[in-house]
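Report on one structure; see the data block that follows.
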Amino acid sequence: MVVKDCQPFTVVNDQGFRGLVQLLDPSYVLPTRQALKAMVEERYHQGKREAKALVQQATAVSLTSDMWTSMNMEAYLAVTCHFIADGVLNTTLLGVQHFPQSHTAHNLAEAKGAIMEEWGIRHKVTCLVTDAASNMLACGRELQMKQAICIAHAINLMVKKSLDDTPGLEQLRTSARRIVTLFRSSTTAKESLAQMQQCMGRPQRKLLKEVETRWNSTYIMLERLHSEREAVSAAMASLPCEVTMLTPMEFTIIKECLGVLGPFNEATIELSEEKRVSASKILPLLKMVSITLGEQLGSIHTDMAQRLTKSIQLKLMESLSRSQKTSILTLPTLLDPRFKTLGFLTPSKADEAVKRLTTECGQVISDIQSAFAFLIPLLRSALAALYCSLSPDLKAELRTLRSVRTWLVIQGFCCTAASGIYG
């Protein structure tokens with residue numbers, strides 16, 4: 001209960017819980033709060049040992065990292081490890097550390113380096129995924145790691161910037177927030193909305209308020225308000241309040257804006273999965289969002305929604321242009337049999353990615369050849385020593401081998417004259 005349900009240690013002192021346990025098993029003696037704490041700590045160490053053993057099975061891992069702020073305004077650094085073991089994609093939280101020091105790149109690099117050393121994965125990390133903050137990018141450079149920007153975070157910034165840049169849309173969002181706040185803070189308004197929904201035969205659904213740091217919460221707030229607009233309007237008509245209901249034209253604007261933002265919301269949800277690799281899907285998803293925006297533009301009639309569409313489309317094309325030059329995104333798309341070159345916005349971008357893939361494959365082949373070139377002298381010495389150690393009778397038998405050409409190759413490889421065998 002304490003681990004799975006986040007119950008406090010003092011649960012063992014609660015009279016109701018003690019009575020329940022006594023009813024289930026009168027002979028069972030509940031542990032004290034201190035004993036329960038020790039049991040949880042032991043379970044933590046056991047779970048960490050099991051997680052370390054699983055991580056050690058991986059030959060390569062990637063890390064995601066972010067800074068978090070608690071309700072008490074305390075900063076924390078979170079690092080998560082992603083890897084494949086036994087053909088299954090696994091995710092393990094390496095740590096959430098209190099981070100009171102300054103959020104400089106050097107301090108971040110030291111903390112992440114210490115976590116990697118503790119888990120023994122420093123040499124296994126192939127990529128570090130973070131947001132686009134300057135200190136995070138500098139941290140990746142200091143750690144000398146290949147780094148990628150979190151696409152979900154990039155979409156979040158892209159959409160938030162477009163929402164803020166669209167004239168009149170902020171005022172519309174403010175009006176929507178006031179309505180939502182009314183029904184979330186007033187018991188009377190909340191009950192009135194529930195009654196209206198019941199009278200209309202609709203499920204009783206509460207209005208949702210947006211969160212400043214996540215653009216899709218704006219989408220969810222507007223979508224819920226638009227879907228419940230009839231019940232909200234009827235409830236507000238019976239309430240003595242100063243909050244003004246949105247006009248039909250404003251709801252039309254919201255509807256068209258939701259059509260623009262919908263594909264981004266679906267893309268964010270798809271890219272936030274943890275059980276399937278998402279790198280190869282990024283370019284195709286962004287391409288489909290771009291195509292969808294282009295198709296929708298002709299059916300949008302309100303000026304505000306048109307401005308939002310053009311603004312977000314411009315930012316999306318800039319992001320796509322940058323992404324299609326990044327090997328860490330283009331190569332997975334090319335190698336994914338579902339997409340290959342179809343995942344790129346233009347044939348020229350696909351050709352550029354193919355050239356990068358060809359170059360990298362050539363480099364891998366060159367590295368393998370270099371490795372074998374280092375081993376060839378050792379193999380020659382070993383084979384030459386083996387031949388020299390053979391008895392004269394065995395050498396005579398080898399002369400009668402049917403595969404003379406094979407023996408000639410071996411003999412030449414050992415740098416011994418073939419005439420020494422056949423002469």
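Within each chain, counting starts at residue 1; across the structure tokens, chains are named A, B, ... in the order shown, with ligands numbered 1 upward in that order.
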
Applying 9 Å and only C-alpha atoms, which residues near segment 317-330 of chain A remain after dropping the ones on its own chain fewer than 4 positions away? List them as a PDB file with N, CA and C atoms, in the first residue's frame.
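Heads up, here's the output in out.pdb:
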ATOM      1  N   CYS A 127      22.731   8.524 -26.904  1.00  0.00           N
ATOM      2  CA  CYS A 127      22.047   9.798 -27.166  1.00  0.00           C
ATOM      3  C   CYS A 127      21.460  10.346 -25.871  1.00  0.00           C
ATOM      4  N   LYS A 146      26.164  12.709 -28.097  1.00  0.00           N
ATOM      5  CA  LYS A 146      25.218  13.038 -29.153  1.00  0.00           C
ATOM      6  C   LYS A 146      23.904  13.438 -28.494  1.00  0.00           C
ATOM      7  N   GLN A 147      23.334  14.547 -28.944  1.00  0.00           N
ATOM      8  CA  GLN A 147      22.176  15.109 -28.255  1.00  0.00           C
ATOM      9  C   GLN A 147      21.034  15.342 -29.227  1.00  0.00           C
ATOM     10  N   ALA A 148      19.821  15.147 -28.743  1.00  0.00           N
ATOM     11  CA  ALA A 148      18.624  15.391 -29.544  1.00  0.00           C
ATOM     12  C   ALA A 148      17.640  16.212 -28.719  1.00  0.00           C
ATOM     13  N   ALA A 154       9.494  20.599 -28.370  1.00  0.00           N
ATOM     14  CA  ALA A 154       9.599  21.535 -29.493  1.00  0.00           C
ATOM     15  C   ALA A 154       8.214  21.905 -30.027  1.00  0.00           C
ATOM     16  N   MET A 158       6.489  25.578 -30.137  1.00  0.00           N
ATOM     17  CA  MET A 158       6.012  26.043 -31.425  1.00  0.00           C
ATOM     18  C   MET A 158       4.559  26.523 -31.355  1.00  0.00           C
ATOM     19  N   ALA A 279      11.532   7.517 -32.708  1.00  0.00           N
ATOM     20  CA  ALA A 279      12.424   8.362 -33.515  1.00  0.00           C
ATOM     21  C   ALA A 279      12.079   8.318 -34.992  1.00  0.00           C
ATOM     22  N   SER A 280      11.756   7.124 -35.514  1.00  0.00           N
ATOM     23  CA  SER A 280      11.480   7.005 -36.948  1.00  0.00           C
ATOM     24  C   SER A 280      10.145   7.616 -37.333  1.00  0.00           C
ATOM     25  N   LYS A 281       9.269   7.891 -36.348  1.00  0.00           N
ATOM     26  CA  LYS A 281       7.943   8.446 -36.648  1.00  0.00           C
ATOM     27  C   LYS A 281       7.915   9.962 -36.673  1.00  0.00           C
ATOM     28  N   ILE A 282       8.976  10.596 -36.202  1.00  0.00           N
ATOM     29  CA  ILE A 282       8.939  12.049 -36.019  1.00  0.00           C
ATOM     30  C   ILE A 282       8.749  12.774 -37.347  1.00  0.00           C
ATOM     31  N   LEU A 283       9.617  12.509 -38.315  1.00  0.00           N
ATOM     32  CA  LEU A 283       9.517  13.203 -39.605  1.00  0.00           C
ATOM     33  C   LEU A 283       8.202  12.896 -40.327  1.00  0.00           C
ATOM     34  N   LEU A 286       5.379  14.903 -38.534  1.00  0.00           N
ATOM     35  CA  LEU A 286       5.423  16.334 -38.821  1.00  0.00           C
ATOM     36  C   LEU A 286       5.030  16.615 -40.260  1.00  0.00           C
ATOM     37  N   LYS A 287       5.413  15.728 -41.168  1.00  0.00           N
ATOM     38  CA  LYS A 287       5.027  15.898 -42.568  1.00  0.00           C
ATOM     39  C   LYS A 287       3.506  15.833 -42.722  1.00  0.00           C
ATOM     40  N   SER A 290       1.871  18.924 -41.446  1.00  0.00           N
ATOM     41  CA  SER A 290       2.040  20.017 -42.409  1.00  0.00           C
ATOM     42  C   SER A 290       1.048  19.892 -43.567  1.00  0.00           C
ATOM     43  N   ILE A 312       1.566  29.022 -37.366  1.00  0.00           N
ATOM     44  CA  ILE A 312       2.047  27.717 -36.910  1.00  0.00           C
ATOM     45  C   ILE A 312       2.613  26.912 -38.072  1.00  0.00           C
ATOM     46  N   GLN A 313       2.086  27.120 -39.281  1.00  0.00           N
ATOM     47  CA  GLN A 313       2.601  26.419 -40.455  1.00  0.00           C
ATOM     48  C   GLN A 313       4.020  26.878 -40.784  1.00  0.00           C
ATOM     49  N   LEU A 334      14.658   6.468 -42.608  1.00  0.00           N
ATOM     50  CA  LEU A 334      15.073   5.722 -43.805  1.00  0.00           C
ATOM     51  C   LEU A 334      15.080   4.218 -43.559  1.00  0.00           C
ATOM     52  N   LEU A 335      15.515   3.803 -42.379  1.00  0.00           N
ATOM     53  CA  LEU A 335      15.658   2.388 -42.070  1.00  0.00           C
ATOM     54  C   LEU A 335      14.355   1.742 -41.618  1.00  0.00           C
ATOM     55  N   GLY A 343       8.834   9.299 -45.805  1.00  0.00           N
ATOM     56  CA  GLY A 343       8.668  10.112 -44.607  1.00  0.00           C
ATOM     57  C   GLY A 343       9.209  11.520 -44.727  1.00  0.00           C
ATOM     58  N   PHE A 344       9.824  11.854 -45.866  1.00  0.00           N
ATOM     59  CA  PHE A 344      10.437  13.158 -46.034  1.00  0.00           C
ATOM     60  C   PHE A 344       9.501  14.097 -46.800  1.00  0.00           C
ATOM     61  N   LEU A 345       9.676  15.385 -46.534  1.00  0.00           N
ATOM     62  CA  LEU A 345       8.777  16.377 -47.111  1.00  0.00           C
ATOM     63  C   LEU A 345       8.972  16.512 -48.608  1.00  0.00           C
ATOM     64  N   LYS A 349      15.189  16.251 -50.018  1.00  0.00           N
ATOM     65  CA  LYS A 349      15.578  15.994 -48.634  1.00  0.00           C
ATOM     66  C   LYS A 349      15.814  14.502 -48.407  1.00  0.00           C
ATOM     67  N   ALA A 350      15.020  13.672 -49.069  1.00  0.00           N
ATOM     68  CA  ALA A 350      15.225  12.231 -48.954  1.00  0.00           C
ATOM     69  C   ALA A 350      16.567  11.824 -49.560  1.00  0.00           C
ATOM     70  N   GLU A 352      19.250  13.685 -49.817  1.00  0.00           N
ATOM     71  CA  GLU A 352      20.316  14.126 -48.910  1.00  0.00           C
ATOM     72  C   GLU A 352      20.474  13.144 -47.755  1.00  0.00           C
ATOM     73  N   ALA A 353      19.348  12.640 -47.228  1.00  0.00           N
ATOM     74  CA  ALA A 353      19.412  11.679 -46.126  1.00  0.00           C
ATOM     75  C   ALA A 353      20.039  10.369 -46.582  1.00  0.00           C
ATOM     76  N   VAL A 354      19.721   9.941 -47.814  1.00  0.00           N
ATOM     77  CA  VAL A 354      20.311   8.715 -48.344  1.00  0.00           C
ATOM     78  C   VAL A 354      21.825   8.871 -48.465  1.00  0.00           C
ATOM     79  N   ARG A 356      23.726  10.787 -46.606  1.00  0.00           N
ATOM     80  CA  ARG A 356      24.290  10.720 -45.257  1.00  0.00           C
ATOM     81  C   ARG A 356      24.346   9.280 -44.768  1.00  0.00           C
ATOM     82  N   LEU A 357      23.302   8.507 -45.075  1.00  0.00           N
ATOM     83  CA  LEU A 357      23.290   7.105 -44.666  1.00  0.00           C
ATOM     84  C   LEU A 357      24.402   6.338 -45.378  1.00  0.00           C
TER      85      LEU A 357
END

Looking only at the backbone, which of the residues in segment 7-160 of chain A does DSSP tag as alpha helix (DSSP H), as a compact mmCIF listing (two decimals) with N, CA, C and O atoms, in the first residue's frame?
# COMPACT_ATOMS: atom_id res chain seq x y z
N GLN A 15 -6.76 4.20 13.09
CA GLN A 15 -7.66 3.28 13.77
C GLN A 15 -8.47 2.45 12.78
O GLN A 15 -8.68 1.25 12.98
N GLY A 16 -8.94 3.08 11.72
CA GLY A 16 -9.74 2.36 10.74
C GLY A 16 -8.94 1.26 10.07
O GLY A 16 -9.43 0.13 9.88
N PHE A 17 -7.71 1.55 9.68
CA PHE A 17 -6.86 0.55 9.03
C PHE A 17 -6.51 -0.59 9.99
O PHE A 17 -6.54 -1.76 9.62
N ARG A 18 -6.20 -0.23 11.24
CA ARG A 18 -5.88 -1.25 12.23
C ARG A 18 -7.09 -2.16 12.48
O ARG A 18 -6.96 -3.38 12.61
N GLY A 19 -8.28 -1.56 12.50
CA GLY A 19 -9.49 -2.36 12.69
C GLY A 19 -9.73 -3.29 11.52
O GLY A 19 -10.16 -4.44 11.71
N LEU A 20 -9.44 -2.82 10.28
CA LEU A 20 -9.62 -3.66 9.09
C LEU A 20 -8.67 -4.86 9.14
O LEU A 20 -9.08 -6.00 8.88
N VAL A 21 -7.40 -4.60 9.46
CA VAL A 21 -6.42 -5.69 9.54
C VAL A 21 -6.81 -6.68 10.64
O VAL A 21 -6.69 -7.90 10.47
N GLN A 22 -7.28 -6.19 11.77
CA GLN A 22 -7.70 -7.06 12.87
C GLN A 22 -8.87 -7.94 12.45
O GLN A 22 -8.94 -9.13 12.83
N LEU A 23 -9.77 -7.37 11.65
CA LEU A 23 -10.92 -8.14 11.17
C LEU A 23 -10.50 -9.22 10.18
O LEU A 23 -11.02 -10.33 10.21
N LEU A 24 -9.51 -8.89 9.33
CA LEU A 24 -9.05 -9.85 8.32
C LEU A 24 -8.23 -10.97 8.94
O LEU A 24 -8.35 -12.14 8.56
N ARG A 33 5.61 2.32 12.65
CA ARG A 33 5.90 3.26 11.58
C ARG A 33 7.38 3.20 11.21
O ARG A 33 7.75 3.23 10.03
N GLN A 34 8.27 3.09 12.21
CA GLN A 34 9.70 3.02 11.94
C GLN A 34 10.06 1.73 11.21
O GLN A 34 10.88 1.73 10.29
N ALA A 35 9.44 0.61 11.62
CA ALA A 35 9.71 -0.67 10.95
C ALA A 35 9.21 -0.65 9.51
O ALA A 35 9.86 -1.17 8.59
N LEU A 36 8.05 -0.02 9.29
CA LEU A 36 7.51 0.08 7.94
C LEU A 36 8.42 0.91 7.05
O LEU A 36 8.65 0.57 5.88
N LYS A 37 8.98 1.97 7.60
CA LYS A 37 9.91 2.80 6.84
C LYS A 37 11.14 2.00 6.44
O LYS A 37 11.62 2.09 5.29
N ALA A 38 11.66 1.19 7.36
CA ALA A 38 12.83 0.35 7.05
C ALA A 38 12.49 -0.68 5.97
O ALA A 38 13.30 -0.98 5.09
N MET A 39 11.27 -1.21 6.00
CA MET A 39 10.84 -2.18 5.00
C MET A 39 10.76 -1.54 3.62
O MET A 39 11.16 -2.14 2.61
N VAL A 40 10.26 -0.33 3.57
CA VAL A 40 10.16 0.38 2.28
C VAL A 40 11.54 0.69 1.74
O VAL A 40 11.80 0.57 0.53
N GLU A 41 12.45 1.11 2.61
CA GLU A 41 13.82 1.39 2.16
C GLU A 41 14.48 0.14 1.61
O GLU A 41 15.19 0.20 0.59
N GLU A 42 14.25 -0.99 2.26
CA GLU A 42 14.82 -2.25 1.77
C GLU A 42 14.21 -2.62 0.41
O GLU A 42 14.90 -3.09 -0.49
N ARG A 43 12.89 -2.39 0.26
CA ARG A 43 12.25 -2.66 -1.02
C ARG A 43 12.81 -1.74 -2.11
O ARG A 43 12.99 -2.17 -3.26
N TYR A 44 13.12 -0.52 -1.75
CA TYR A 44 13.72 0.42 -2.70
C TYR A 44 15.09 -0.09 -3.18
O TYR A 44 15.36 -0.12 -4.38
N HIS A 45 15.93 -0.49 -2.23
CA HIS A 45 17.26 -0.98 -2.60
C HIS A 45 17.16 -2.26 -3.43
O HIS A 45 17.93 -2.46 -4.38
N GLN A 46 16.20 -3.12 -3.10
CA GLN A 46 16.01 -4.34 -3.87
C GLN A 46 15.57 -4.00 -5.30
O GLN A 46 16.10 -4.57 -6.27
N GLY A 47 14.62 -3.08 -5.43
CA GLY A 47 14.17 -2.68 -6.75
C GLY A 47 15.27 -2.03 -7.57
O GLY A 47 15.37 -2.24 -8.79
N LYS A 48 16.12 -1.26 -6.92
CA LYS A 48 17.23 -0.61 -7.61
C LYS A 48 18.24 -1.64 -8.10
O LYS A 48 18.77 -1.52 -9.22
N ARG A 49 18.51 -2.67 -7.27
CA ARG A 49 19.43 -3.73 -7.69
C ARG A 49 18.88 -4.46 -8.91
O ARG A 49 19.61 -4.77 -9.86
N GLU A 50 17.58 -4.74 -8.90
CA GLU A 50 16.97 -5.42 -10.04
C GLU A 50 17.01 -4.55 -11.29
O GLU A 50 17.26 -5.05 -12.40
N ALA A 51 16.77 -3.25 -11.11
CA ALA A 51 16.82 -2.33 -12.25
C ALA A 51 18.23 -2.23 -12.82
O ALA A 51 18.42 -2.22 -14.04
N LYS A 52 19.23 -2.20 -11.95
CA LYS A 52 20.62 -2.14 -12.42
C LYS A 52 20.98 -3.40 -13.20
O LYS A 52 21.66 -3.32 -14.24
N ALA A 53 20.53 -4.54 -12.71
CA ALA A 53 20.82 -5.79 -13.41
C ALA A 53 20.19 -5.80 -14.79
O ALA A 53 20.79 -6.28 -15.76
N LEU A 54 18.98 -5.24 -14.90
CA LEU A 54 18.31 -5.18 -16.20
C LEU A 54 19.02 -4.22 -17.14
O LEU A 54 19.21 -4.52 -18.33
N VAL A 55 19.44 -3.08 -16.61
CA VAL A 55 20.15 -2.09 -17.44
C VAL A 55 21.47 -2.65 -17.94
O VAL A 55 21.89 -2.39 -19.08
N GLN A 56 22.14 -3.45 -17.12
CA GLN A 56 23.44 -4.01 -17.51
C GLN A 56 23.31 -4.98 -18.68
O GLN A 56 24.30 -5.25 -19.38
N ALA A 105 25.40 24.70 -16.93
CA ALA A 105 25.71 23.51 -17.71
C ALA A 105 26.71 22.62 -16.99
O ALA A 105 26.60 21.38 -17.00
N HIS A 106 27.68 23.24 -16.32
CA HIS A 106 28.70 22.47 -15.62
C HIS A 106 28.10 21.67 -14.47
O HIS A 106 28.41 20.48 -14.30
N ASN A 107 27.24 22.31 -13.68
CA ASN A 107 26.61 21.60 -12.56
C ASN A 107 25.71 20.47 -13.05
O ASN A 107 25.68 19.38 -12.47
N LEU A 108 24.98 20.73 -14.13
CA LEU A 108 24.12 19.70 -14.70
C LEU A 108 24.95 18.53 -15.22
O LEU A 108 24.59 17.36 -15.03
N ALA A 109 26.06 18.84 -15.89
CA ALA A 109 26.91 17.79 -16.43
C ALA A 109 27.52 16.94 -15.31
O ALA A 109 27.60 15.70 -15.44
N GLU A 110 27.92 17.57 -14.23
CA GLU A 110 28.47 16.82 -13.09
C GLU A 110 27.42 15.88 -12.50
O GLU A 110 27.72 14.72 -12.19
N ALA A 111 26.22 16.37 -12.33
CA ALA A 111 25.16 15.55 -11.73
C ALA A 111 24.79 14.38 -12.64
O ALA A 111 24.66 13.23 -12.18
N LYS A 112 24.66 14.64 -13.93
CA LYS A 112 24.31 13.56 -14.86
C LYS A 112 25.46 12.56 -14.98
O LYS A 112 25.23 11.35 -15.08
N GLY A 113 26.69 13.07 -14.99
CA GLY A 113 27.84 12.17 -15.06
C GLY A 113 27.91 11.26 -13.86
O GLY A 113 28.22 10.06 -13.99
N ALA A 114 27.60 11.80 -12.66
CA ALA A 114 27.62 10.98 -11.44
C ALA A 114 26.54 9.89 -11.51
O ALA A 114 26.78 8.74 -11.09
N ILE A 115 25.38 10.22 -12.05
CA ILE A 115 24.31 9.22 -12.18
C ILE A 115 24.72 8.12 -13.14
O ILE A 115 24.51 6.92 -12.89
N MET A 116 25.34 8.50 -14.27
CA MET A 116 25.77 7.49 -15.24
C MET A 116 26.85 6.58 -14.66
O MET A 116 26.85 5.37 -14.90
N GLU A 117 27.76 7.16 -13.89
CA GLU A 117 28.80 6.35 -13.26
C GLU A 117 28.21 5.39 -12.23
O GLU A 117 28.62 4.24 -12.12
N GLU A 118 27.24 5.87 -11.47
CA GLU A 118 26.61 5.02 -10.46
C GLU A 118 25.94 3.81 -11.09
O GLU A 118 26.00 2.70 -10.54
N TRP A 119 25.33 4.01 -12.25
CA TRP A 119 24.62 2.91 -12.91
C TRP A 119 25.50 2.15 -13.90
O TRP A 119 25.06 1.16 -14.50
N SER A 134 19.31 26.58 -23.23
CA SER A 134 20.73 26.76 -23.52
C SER A 134 21.62 25.99 -22.56
O SER A 134 22.64 25.43 -22.95
N ASN A 135 21.23 25.92 -21.27
CA ASN A 135 22.06 25.19 -20.31
C ASN A 135 22.03 23.68 -20.57
O ASN A 135 23.02 22.99 -20.38
N MET A 136 20.89 23.17 -21.04
CA MET A 136 20.80 21.75 -21.36
C MET A 136 21.65 21.41 -22.59
O MET A 136 22.33 20.37 -22.63
N LEU A 137 21.62 22.28 -23.58
CA LEU A 137 22.43 22.04 -24.78
C LEU A 137 23.92 22.11 -24.45
O LEU A 137 24.71 21.29 -24.93
N ALA A 138 24.30 23.10 -23.64
CA ALA A 138 25.70 23.22 -23.24
C ALA A 138 26.13 22.04 -22.38
O ALA A 138 27.27 21.58 -22.45
N CYS A 139 25.22 21.51 -21.58
CA CYS A 139 25.50 20.33 -20.76
C CYS A 139 25.84 19.13 -21.65
O CYS A 139 26.79 18.39 -21.38
N GLY A 140 25.07 18.94 -22.71
CA GLY A 140 25.34 17.86 -23.63
C GLY A 140 26.71 17.98 -24.29
O GLY A 140 27.42 16.99 -24.47
N ARG A 141 27.07 19.21 -24.65
CA ARG A 141 28.39 19.43 -25.25
C ARG A 141 29.50 19.13 -24.25
O ARG A 141 30.53 18.55 -24.62
N GLU A 142 29.30 19.51 -22.99
CA GLU A 142 30.33 19.26 -21.98
C GLU A 142 30.50 17.77 -21.72
O GLU A 142 31.61 17.29 -21.49
N LEU A 143 29.39 17.03 -21.79
CA LEU A 143 29.46 15.59 -21.60
C LEU A 143 29.97 14.88 -22.86
O LEU A 143 30.22 13.67 -22.82
N ILE A 151 11.07 16.30 -29.20
CA ILE A 151 10.15 16.82 -30.21
C ILE A 151 8.84 17.28 -29.57
O ILE A 151 8.25 18.27 -30.00
N ALA A 152 8.37 16.56 -28.56
CA ALA A 152 7.14 16.98 -27.88
C ALA A 152 7.32 18.36 -27.26
O ALA A 152 6.42 19.20 -27.31
N HIS A 153 8.51 18.60 -26.70
CA HIS A 153 8.80 19.92 -26.13
C HIS A 153 8.89 20.97 -27.24
O HIS A 153 8.43 22.11 -27.08
N ALA A 154 9.49 20.60 -28.37
CA ALA A 154 9.60 21.53 -29.49
C ALA A 154 8.21 21.90 -30.03
O ALA A 154 7.95 23.07 -30.36
N ILE A 155 7.32 20.91 -30.11
CA ILE A 155 5.95 21.19 -30.54
C ILE A 155 5.26 22.11 -29.55
O ILE A 155 4.52 23.03 -29.93
N ASN A 156 5.50 21.87 -28.26
CA ASN A 156 4.91 22.71 -27.22
C ASN A 156 5.32 24.18 -27.39
O ASN A 156 4.47 25.08 -27.35
N LEU A 157 6.61 24.42 -27.61
CA LEU A 157 7.09 25.79 -27.80
C LEU A 157 6.54 26.39 -29.08
O LEU A 157 6.18 27.57 -29.13
N MET A 158 6.49 25.58 -30.14
CA MET A 158 6.01 26.04 -31.43
C MET A 158 4.56 26.52 -31.35
O MET A 158 4.22 27.61 -31.81
N VAL A 159 3.72 25.70 -30.75
CA VAL A 159 2.30 26.04 -30.67
C VAL A 159 2.06 27.20 -29.71
O VAL A 159 1.27 28.10 -29.99
N LYS A 160 2.75 27.19 -28.56
CA LYS A 160 2.60 28.29 -27.60
C LYS A 160 2.97 29.62 -28.24
O LYS A 160 2.29 30.64 -28.05

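Atom CA of Arg307 of chain A sits 17.4 Å away from atom CA of Trp215 of chain A.
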
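Atom pair atom CA of Arg173 of chain A / atom CA of Leu285 of chain A: separated by 27.4 Å.
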
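Nearest-residue note for Ile149 of chain A: choosing from A:Ser65, A:Gln296, A:Thr92, A:Ser381, the minimum distance belongs to A:Ser65, counting only C-alpha atoms.
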